[in-house]
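To be precise, the following lines are upload20.txt, and they hold compact mmCIF, C-alpha atoms.
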# COMPACT_ATOMS: atom_id res chain seq x y z
CA MET A 1 20.92 290.05 58.23
CA VAL A 2 22.30 289.83 54.68
CA TYR A 3 23.61 293.39 54.95
CA ASN A 4 25.18 292.62 58.33
CA VAL A 5 27.02 289.56 57.04
CA LEU A 6 28.04 291.28 53.78
CA SER A 7 29.52 294.24 55.62
CA VAL A 8 31.65 291.97 57.78
CA PHE A 9 32.84 289.98 54.76
CA ILE A 10 33.91 293.21 53.09
CA GLY A 11 35.76 294.03 56.28
CA LEU A 12 37.66 290.75 56.14
CA PHE A 13 38.86 291.55 52.63
CA LEU A 14 39.75 295.10 53.68
CA THR A 15 41.90 293.87 56.58
CA PRO A 16 44.95 292.84 54.48
CA VAL A 17 44.49 295.99 52.34
CA MET A 18 44.67 298.16 55.46
CA LEU A 19 47.77 296.36 56.74
CA ILE A 20 49.54 296.68 53.38
CA TRP A 21 48.61 300.36 53.17
CA PHE A 22 49.97 300.98 56.69
CA TRP A 23 53.23 299.24 55.73
CA LYS A 24 53.66 300.99 52.37
CA ASN A 25 52.50 304.46 53.41
CA LYS A 26 55.24 307.05 53.90
CA PRO A 27 54.06 309.61 56.45
CA LEU A 28 55.32 313.18 56.15
CA CYS A 29 55.57 313.63 59.91
CA LEU A 30 55.15 311.74 63.19
CA ILE A 31 51.61 312.99 63.78
CA GLU A 32 50.54 311.50 60.44
CA TRP A 33 52.00 308.13 61.48
CA ILE A 34 50.05 308.34 64.76
CA ILE A 35 46.82 309.03 62.88
CA ASN A 36 47.52 306.12 60.50
CA PHE A 37 48.28 303.88 63.48
CA LEU A 38 44.98 304.78 65.16
CA LEU A 39 43.04 304.38 61.93
CA VAL A 40 44.34 300.89 61.16
CA GLY A 41 44.47 299.84 64.81
CA LEU A 42 40.85 300.70 65.55
CA PHE A 43 39.78 298.97 62.33
CA ILE A 44 41.68 295.83 63.42
CA VAL A 45 40.01 295.95 66.85
CA TYR A 46 36.60 296.17 65.17
CA MET A 47 37.41 293.21 62.94
CA TYR A 48 38.73 291.23 65.91
CA PHE A 49 35.32 291.41 67.56
CA ALA A 50 32.96 291.56 64.56
CA GLY A 51 34.77 289.69 61.79
CA LEU A 52 33.28 286.35 60.74
CA TRP A 53 36.75 284.82 60.54
CA ALA A 54 35.52 281.23 60.58
CA TYR A 55 33.77 281.83 57.27
CA ILE A 56 36.73 282.84 55.09
CA THR A 57 40.17 282.82 56.69
CA GLY A 58 39.66 280.46 59.63
CA TYR A 59 38.91 281.65 63.16
CA TYR A 60 42.54 281.70 64.29
CA ALA A 61 43.55 284.19 61.58
CA LYS A 62 42.34 287.00 63.85
CA TYR A 63 45.32 286.40 66.13
CA LEU A 64 47.73 286.42 63.19
CA VAL A 65 46.34 289.80 62.13
CA ILE A 66 47.00 291.22 65.61
CA ILE A 67 50.61 289.98 65.45
CA LEU A 68 51.11 291.40 61.94
CA PHE A 69 49.72 294.75 63.02
CA ALA A 70 52.07 294.85 66.02
CA VAL A 71 55.10 294.01 63.85
CA ILE A 72 54.18 296.56 61.16
CA SER A 73 53.55 299.21 63.81
CA PHE A 74 56.96 298.63 65.37
CA LEU A 75 58.87 298.65 62.10
CA THR A 76 57.13 301.73 60.70
CA PHE A 77 57.50 303.62 63.98
CA ILE A 78 61.29 303.13 63.88
CA LYS A 79 61.29 305.13 60.64
CA ALA A 80 58.60 307.62 61.64
CA ARG A 81 60.24 308.68 64.91
CA ARG A 82 63.00 310.41 62.92
CA LEU A 83 60.45 312.70 61.26
CA LYS A 84 59.40 316.09 62.55
CA PHE A 85 56.31 315.98 64.73
CA LEU A 86 54.05 318.30 62.67
CA CYS A 87 53.58 318.46 58.91
CA THR A 88 53.33 321.53 56.73
CA THR A 89 49.70 322.64 56.78
CA SER A 90 48.76 322.60 53.12
CA VAL A 91 45.11 322.37 52.12
CA ALA A 92 45.59 318.81 50.84
CA THR A 93 47.27 317.77 54.08
CA LYS A 94 44.51 319.28 56.20
CA PHE A 95 41.82 317.56 54.13
CA SER A 96 43.62 314.18 54.35
CA PHE A 97 44.07 314.49 58.11
CA GLY A 98 40.46 315.56 58.55
CA CYS A 99 39.14 312.51 56.68
CA LYS A 100 41.36 310.14 58.62
CA ILE A 101 40.46 311.66 61.98
CA PHE A 102 36.75 311.40 61.14
CA ILE A 103 37.13 307.68 60.34
CA VAL A 104 39.15 307.18 63.55
CA PHE A 105 36.33 308.81 65.51
CA ILE A 106 33.69 306.56 63.89
CA PHE A 107 35.60 303.34 64.63
CA LEU A 108 36.32 304.54 68.16
CA LEU A 109 32.59 304.96 68.80
CA ILE A 110 31.83 301.55 67.27
CA ASN A 111 34.49 299.78 69.34
CA VAL A 112 33.40 301.48 72.56
CA SER A 113 29.83 300.38 71.80
CA ILE A 114 30.96 296.78 71.28
CA ILE A 115 33.13 296.69 74.43
CA PHE A 116 30.39 298.18 76.62
CA SER A 117 27.93 295.58 75.29
CA PHE A 118 29.99 292.89 77.05
CA ARG A 119 28.95 294.28 80.43
CA ASN A 120 26.22 292.26 82.13
CA LYS A 121 23.69 294.85 83.26
CA GLU A 122 20.94 292.35 84.04
CA LYS A 123 20.93 290.98 87.58
CA ASP A 124 19.44 287.67 86.53
CA ILE A 125 21.23 285.86 83.72
CA VAL A 126 19.89 282.44 82.81
CA ASN A 127 22.46 279.67 82.96
CA LEU A 128 21.99 276.95 80.35
CA SER A 129 24.07 273.89 79.58
CA PHE A 130 25.88 273.91 76.26
CA PRO A 131 23.80 271.81 73.82
CA PHE A 132 26.78 269.95 72.31
CA LYS A 133 29.24 267.51 73.82
CA ASP A 134 32.33 267.20 71.65
CA GLY A 135 34.27 269.54 69.39
CA ILE A 136 35.03 273.26 69.05
CA TYR A 137 32.07 275.58 68.55
CA TYR A 138 31.75 279.21 67.52
CA ILE A 139 29.02 281.78 68.15
CA ALA A 140 28.46 283.14 64.64
CA HIS A 141 25.91 285.69 65.86
CA GLY A 142 25.42 286.54 69.52
CA GLY A 143 25.71 289.27 72.11
CA ASN A 144 23.98 292.44 73.23
CA ASN A 145 24.89 294.56 70.21
CA THR A 146 23.40 294.70 66.71
CA ILE A 147 26.90 294.92 65.22
CA LEU A 148 27.73 291.49 66.63
CA ASN A 149 24.25 290.02 66.67
CA TYR A 150 21.58 290.83 64.07
CA HIS A 151 18.97 289.19 66.35
CA ASN A 152 19.44 292.07 68.77
CA SER A 153 17.16 294.36 66.77
CA ARG A 154 14.11 292.29 67.78
CA ASP A 155 13.06 292.29 71.42
CA TYR A 156 11.80 288.69 71.59
CA MET A 157 15.09 287.30 70.22
CA LYS A 158 17.40 289.98 71.56
CA TYR A 159 20.04 287.63 72.99
CA ALA A 160 19.59 284.71 70.58
CA LEU A 161 22.65 282.73 69.49
CA ASP A 162 23.60 281.00 66.24
CA ILE A 163 26.15 278.23 66.83
CA VAL A 164 28.40 276.56 64.25
CA LYS A 165 31.15 273.96 64.67
CA LEU A 166 34.81 274.53 63.79
CA ASP A 167 37.40 272.10 62.51
CA LYS A 168 40.97 272.08 63.85
CA PHE A 169 41.94 274.89 61.48
CA GLY A 170 39.10 277.14 62.62
CA PHE A 171 36.79 276.74 59.59
CA ARG A 172 33.08 275.98 60.00
CA ALA A 173 32.74 274.25 56.59
CA LYS A 174 34.69 272.81 53.69
CA GLY A 175 34.49 275.84 51.39
CA PHE A 176 33.02 279.35 51.72
CA PHE A 177 29.33 278.52 51.20
CA PRO A 178 29.13 274.94 49.92
CA ARG A 179 25.77 273.74 48.63
CA GLU A 180 26.19 270.28 50.16
CA LEU A 181 24.90 270.27 53.74
CA GLU A 182 27.32 267.49 54.68
CA LYS A 183 30.25 269.87 54.17
CA TYR A 184 29.18 271.92 57.20
CA ASN A 185 30.86 270.61 60.36
CA ILE A 186 27.78 271.03 62.52
CA PHE A 187 25.30 269.31 60.19
CA GLU A 188 23.76 266.19 61.82
CA GLU A 189 25.51 266.99 65.12
CA GLU A 190 23.54 265.64 68.08
CA VAL A 191 21.80 268.32 70.16
CA TYR A 192 21.23 267.96 73.91
CA SER A 193 18.70 269.83 75.99
CA PRO A 194 20.28 272.88 77.66
CA CYS A 195 17.80 272.73 80.55
CA SER A 196 15.17 270.64 82.27
CA GLY A 197 11.52 271.34 81.62
CA THR A 198 8.44 270.43 79.62
CA VAL A 199 8.24 270.41 75.84
CA ILE A 200 5.35 272.71 74.86
CA GLU A 201 6.02 272.79 71.11
CA ALA A 202 7.83 270.43 68.75
CA VAL A 203 7.62 270.65 64.97
CA ASP A 204 9.36 268.13 62.70
CA GLY A 205 9.08 266.98 59.10
CA MET A 206 10.30 270.15 57.39
CA GLU A 207 12.92 269.61 54.69
CA ASP A 208 16.57 270.55 54.98
CA TYR A 209 17.35 272.77 52.03
CA PRO A 210 20.71 274.00 50.67
CA PRO A 211 21.92 277.28 52.21
CA GLY A 212 20.04 280.38 51.13
CA VAL A 213 17.19 278.60 49.34
CA TYR A 214 14.62 280.09 51.74
CA MET A 215 15.35 283.55 50.30
CA LEU A 216 13.90 282.38 46.99
CA ASN A 217 10.86 280.67 48.48
CA LYS A 218 9.45 282.05 51.74
CA SER A 219 7.12 279.02 52.06
CA MET A 220 10.20 277.10 53.21
CA ALA A 221 10.74 279.48 56.12
CA ARG A 222 9.18 277.32 58.85
CA PRO A 223 11.90 275.30 60.63
CA ASN A 224 11.89 272.14 62.68
CA TYR A 225 12.01 273.43 66.24
CA ILE A 226 11.46 272.70 69.93
CA VAL A 227 10.21 274.97 72.71
CA ILE A 228 10.93 273.92 76.29
CA GLN A 229 9.08 275.52 79.21
CA SER A 230 11.48 275.78 82.13
CA GLY A 231 9.84 277.61 85.02
CA ASP A 232 8.71 280.98 83.69
CA LEU A 233 11.16 280.77 80.78
CA LYS A 234 10.70 279.46 77.25
CA VAL A 235 13.77 278.05 75.50
CA LEU A 236 13.45 277.88 71.72
CA MET A 237 15.84 275.79 69.62
CA SER A 238 15.40 275.64 65.86
CA HIS A 239 16.65 274.47 62.44
CA PHE A 240 16.73 270.78 63.44
CA GLN A 241 17.31 268.12 60.80
CA LYS A 242 14.16 266.59 59.35
CA ASP A 243 12.86 263.58 61.34
CA SER A 244 15.58 263.95 63.98
CA ILE A 245 13.58 265.41 66.87
CA LYS A 246 13.32 262.92 69.74
CA VAL A 247 10.63 264.60 71.85
CA LYS A 248 7.00 265.67 71.47
CA PRO A 249 4.73 268.20 73.18
CA GLY A 250 4.01 267.20 76.76
CA ASP A 251 7.29 265.31 77.25
CA THR A 252 9.43 266.10 80.26
CA VAL A 253 13.09 266.54 79.35
CA LYS A 254 16.17 266.53 81.53
CA GLU A 255 19.18 268.76 81.09
CA GLY A 256 21.66 266.95 78.83
CA GLN A 257 19.03 264.71 77.22
CA LEU A 258 19.37 264.04 73.49
CA ILE A 259 16.59 265.95 71.68
CA GLY A 260 17.58 265.99 68.00
CA LYS A 261 20.21 266.76 65.37
CA VAL A 262 21.33 269.96 63.68
CA GLY A 263 19.84 270.55 60.24
CA ASP A 264 19.13 273.41 57.88
CA SER A 265 15.36 273.66 57.94
CA GLY A 266 13.44 276.90 57.72
CA LEU A 267 14.81 280.43 57.48
CA SER A 268 18.45 279.43 57.80
CA PHE A 269 21.50 280.89 56.08
CA GLU A 270 23.34 277.56 56.57
CA PRO A 271 23.32 274.60 59.02
CA HIS A 272 23.56 275.97 62.56
CA GLN A 273 21.83 275.76 65.92
CA HIS A 274 19.66 278.68 66.92
CA ILE A 275 18.85 279.19 70.61
CA GLN A 276 16.85 281.91 72.31
CA VAL A 277 15.25 282.40 75.72
CA THR A 278 12.18 284.49 76.41
CA LYS A 279 10.22 285.53 79.47
CA ASP A 280 6.75 287.04 78.97
CA GLY A 281 7.58 287.47 75.30
CA HIS A 282 10.82 289.41 75.88
CA GLY A 283 14.31 288.18 75.15
CA VAL A 284 16.38 287.12 78.16
CA LYS A 285 20.16 287.08 78.40
CA PHE A 286 21.62 283.63 78.94
CA MET A 287 24.97 281.93 79.03
So, in terms of structure tokens, how does the structure I just supplied come out?
Amino acid sequence: MVYNVLSVFIGLFLTPVMLIWFWKNKPLCLIEWIINFLLVGLFIVYMYFAGLWAYITGYYAKYLVIILFAVISFLTFIKARRLKFLCTTSVATKFSFGCKIFIVFIFLLINVSIIFSFRNKEKDIVNLSFPFKDGIYYIAHGGNNTILNYHNSRDYMKYALDIVKLDKFGFRAKGFFPRELEKYNIFEEEVYSPCSGTVIEAVDGMEDYPPGVYMLNKSMARPNYIVIQSGDLKVLMSHFQKDSIKVKPGDTVKEGQLIGKVGDSGLSFEPHQHIQVTKDGHGVKFM
């Protein structure tokens, strides 16, 4: 997970570097401009889908990047179209083109993989109610692809979601990774049951620790959580705030019933709401 998040953060910092490079670069011929366009364009597409924009730049920055790329592409093409189509084939030119084409191919494969993961192959997709009532929320990790969702590597939590709350500017917290839990927009947000069923597990009393503390002490890894049996499905929700859970094992809950508040208990990178659905121990896709 740490590697997954770190790689995306690096990507966010690389995004302006790539745009500046595309703007400043002076291609020797039109084909070089086309290769540069594909290289930067496919990188931008990858970042559009996989970038954790809400963590650094604000969620809505992804649309600004698309606009900037379109403007830069148009302006640089006006100059590049006057160039000859092919460049002189020096060894240095061939090597440069080869490296760029290889990177283009890699990002093309990655983007195709991400886009195809949006297809719903399963005939039966579980429909759950959204567990929050007011505000703007963002799926920090979710989907049927390990690039977008680190949970996907484990069968029992294959389609799990991590939800955070955004402010009006598209940020999920006041600061990059503040230590104070209260600075996260979703902390202490009321959580409502996404389905009707029977509570078969409910654990409370675990402390809410500052983000990342669990990595230093694995004994803190157990979260406050609830498991609801709904037919042949089990719906797990975790990382509740200490002493906020409103139900106990054996209780019958209705869809939309208040069941607790968001905290940062257990193995949690920051305050968020984790949800997963399983059937016979295997992860089930839900929406």
- request: Do a neighbour search on A:Leu83 at 7 Å with only C-alpha atoms, toss out local chain neighbours closer than 3 positions, and write the hits as a count of residues only.
  value: 3
- request: List the neighbours of A:Gly170 out to 10 Å using all atoms listed in the file; skip same-chain residues closer than 6 positions along the sequence, and give me the result as number ranges by chain.
  value: A: 53-61, 136-138
task: Write out as an NGL selection string each polymer residue whose atoms come within 8 Å of A:Gly143, counting all atoms listed in the file; drop sequence neighbours fewer than 4 positions from it.
output: :A and (117-118 or 148-149 or 152 or 159-161)
For the selection just defined, write its residues with C-alpha atoms to a file, as an mmCIF file, keeping the file's coordinate frame.
data_model
loop_
_atom_site.group_PDB
_atom_site.id
_atom_site.type_symbol
_atom_site.label_atom_id
_atom_site.label_comp_id
_atom_site.auth_asym_id
_atom_site.auth_seq_id
_atom_site.Cartn_x
_atom_site.Cartn_y
_atom_site.Cartn_z
ATOM 1 C CA SER A 117 27.930 295.580 75.290
ATOM 2 C CA PHE A 118 29.990 292.890 77.050
ATOM 3 C CA LEU A 148 27.730 291.490 66.630
ATOM 4 C CA ASN A 149 24.250 290.020 66.670
ATOM 5 C CA ASN A 152 19.440 292.070 68.770
ATOM 6 C CA TYR A 159 20.040 287.630 72.990
ATOM 7 C CA ALA A 160 19.590 284.710 70.580
ATOM 8 C CA LEU A 161 22.650 282.730 69.490
#
message: Report, in Å with one decimal, the straight-line distance from atom CA of A:Lys100 to atom CA of A:Asn36.
response: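 Answer for the atom CA of A:Lys100 to atom CA of A:Asn36 separation: 7.6 Å.
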message: Within 10 Å of (28.6, 270.2, 73.0) (file coordinates; only C-alpha atoms), which protein or nucleic acid residues are there? I'd like them as a list in words.
response: Ser129, Phe130, Pro131, Phe132, Lys133, Asp134, Gly135, Ile136, Tyr137, Lys165, Glu189, Glu190, Val191, Tyr192, Pro194 and Gly256 of chain A
Based on the selection just made, write C-alpha atoms of those residues as a PDB file, in the frame of the given file.
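The new file result.pdb reads:
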ATOM      1  CA  SER A 129      24.070 273.890  79.580  1.00  0.00           C
ATOM      2  CA  PHE A 130      25.880 273.910  76.260  1.00  0.00           C
ATOM      3  CA  PRO A 131      23.800 271.810  73.820  1.00  0.00           C
ATOM      4  CA  PHE A 132      26.780 269.950  72.310  1.00  0.00           C
ATOM      5  CA  LYS A 133      29.240 267.510  73.820  1.00  0.00           C
ATOM      6  CA  ASP A 134      32.330 267.200  71.650  1.00  0.00           C
ATOM      7  CA  GLY A 135      34.270 269.540  69.390  1.00  0.00           C
ATOM      8  CA  ILE A 136      35.030 273.260  69.050  1.00  0.00           C
ATOM      9  CA  TYR A 137      32.070 275.580  68.550  1.00  0.00           C
ATOM     10  CA  LYS A 165      31.150 273.960  64.670  1.00  0.00           C
ATOM     11  CA  GLU A 189      25.510 266.990  65.120  1.00  0.00           C
ATOM     12  CA  GLU A 190      23.540 265.640  68.080  1.00  0.00           C
ATOM     13  CA  VAL A 191      21.800 268.320  70.160  1.00  0.00           C
ATOM     14  CA  TYR A 192      21.230 267.960  73.910  1.00  0.00           C
ATOM     15  CA  PRO A 194      20.280 272.880  77.660  1.00  0.00           C
ATOM     16  CA  GLY A 256      21.660 266.950  78.830  1.00  0.00           C
TER      17      GLY A 256
END
Polymer residues at most 6 Å from (15.8, 263.3, 70.5) by only C-alpha atoms, as a compact mmCIF listing (two decimals) with C-alpha atoms, keeping the file's coordinate frame:
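Dumped everything to out.txt:
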# COMPACT_ATOMS: atom_id res chain seq x y z
CA ILE A 245 13.58 265.41 66.87
CA LYS A 246 13.32 262.92 69.74
CA VAL A 247 10.63 264.60 71.85
CA LEU A 258 19.37 264.04 73.49
CA ILE A 259 16.59 265.95 71.68
CA GLY A 260 17.58 265.99 68.00
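Among A:Trp33, A:Phe116, A:Phe49, A:Phe13, the residue with the shortest atom-to-atom distance to A:Phe97, counting all atoms listed in the file, is A:Trp33.
Ranking A:Ile34, A:Val65, A:Gly98, A:Asn111 by their shortest atom-to-atom distance to A:Leu86, with all atoms listed in the file included, puts A:Ile34 first.
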- request: Write out as a list in words the residues lying within 7 Å of A:Lys234, counting all atoms listed in the file and excluding same-chain residues fewer than 6 positions away.
  value: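 Everything that qualifies: Val227, Ile228, Val277, Thr278 and Lys279 of chain A.
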message: Please report the interatomic distance between atom CA of A:His274 and atom CA of A:Asp162 in Å with one decimal.
response: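 Distance between the two atoms: 4.6 Å.
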message: Nearest residue to A:Lys254 out of A:Asp280, A:Lys285, A:Phe240, A:Leu128, using only C-alpha atoms?
response: A:Leu128
Test item: residues at most 8 Å from stretch 37-42 of chain A, only C-alpha atoms, excluding those fewer than 4 positions along its chain, as a list in words: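 Near neighbours after the sequence-gap exclusion: Met18, Leu19, Phe22, Trp33, Tyr46, Phe69, Ser73, Lys100, Ile101, Ile103, Val104, Phe107, Leu108 and Asn111 of chain A.
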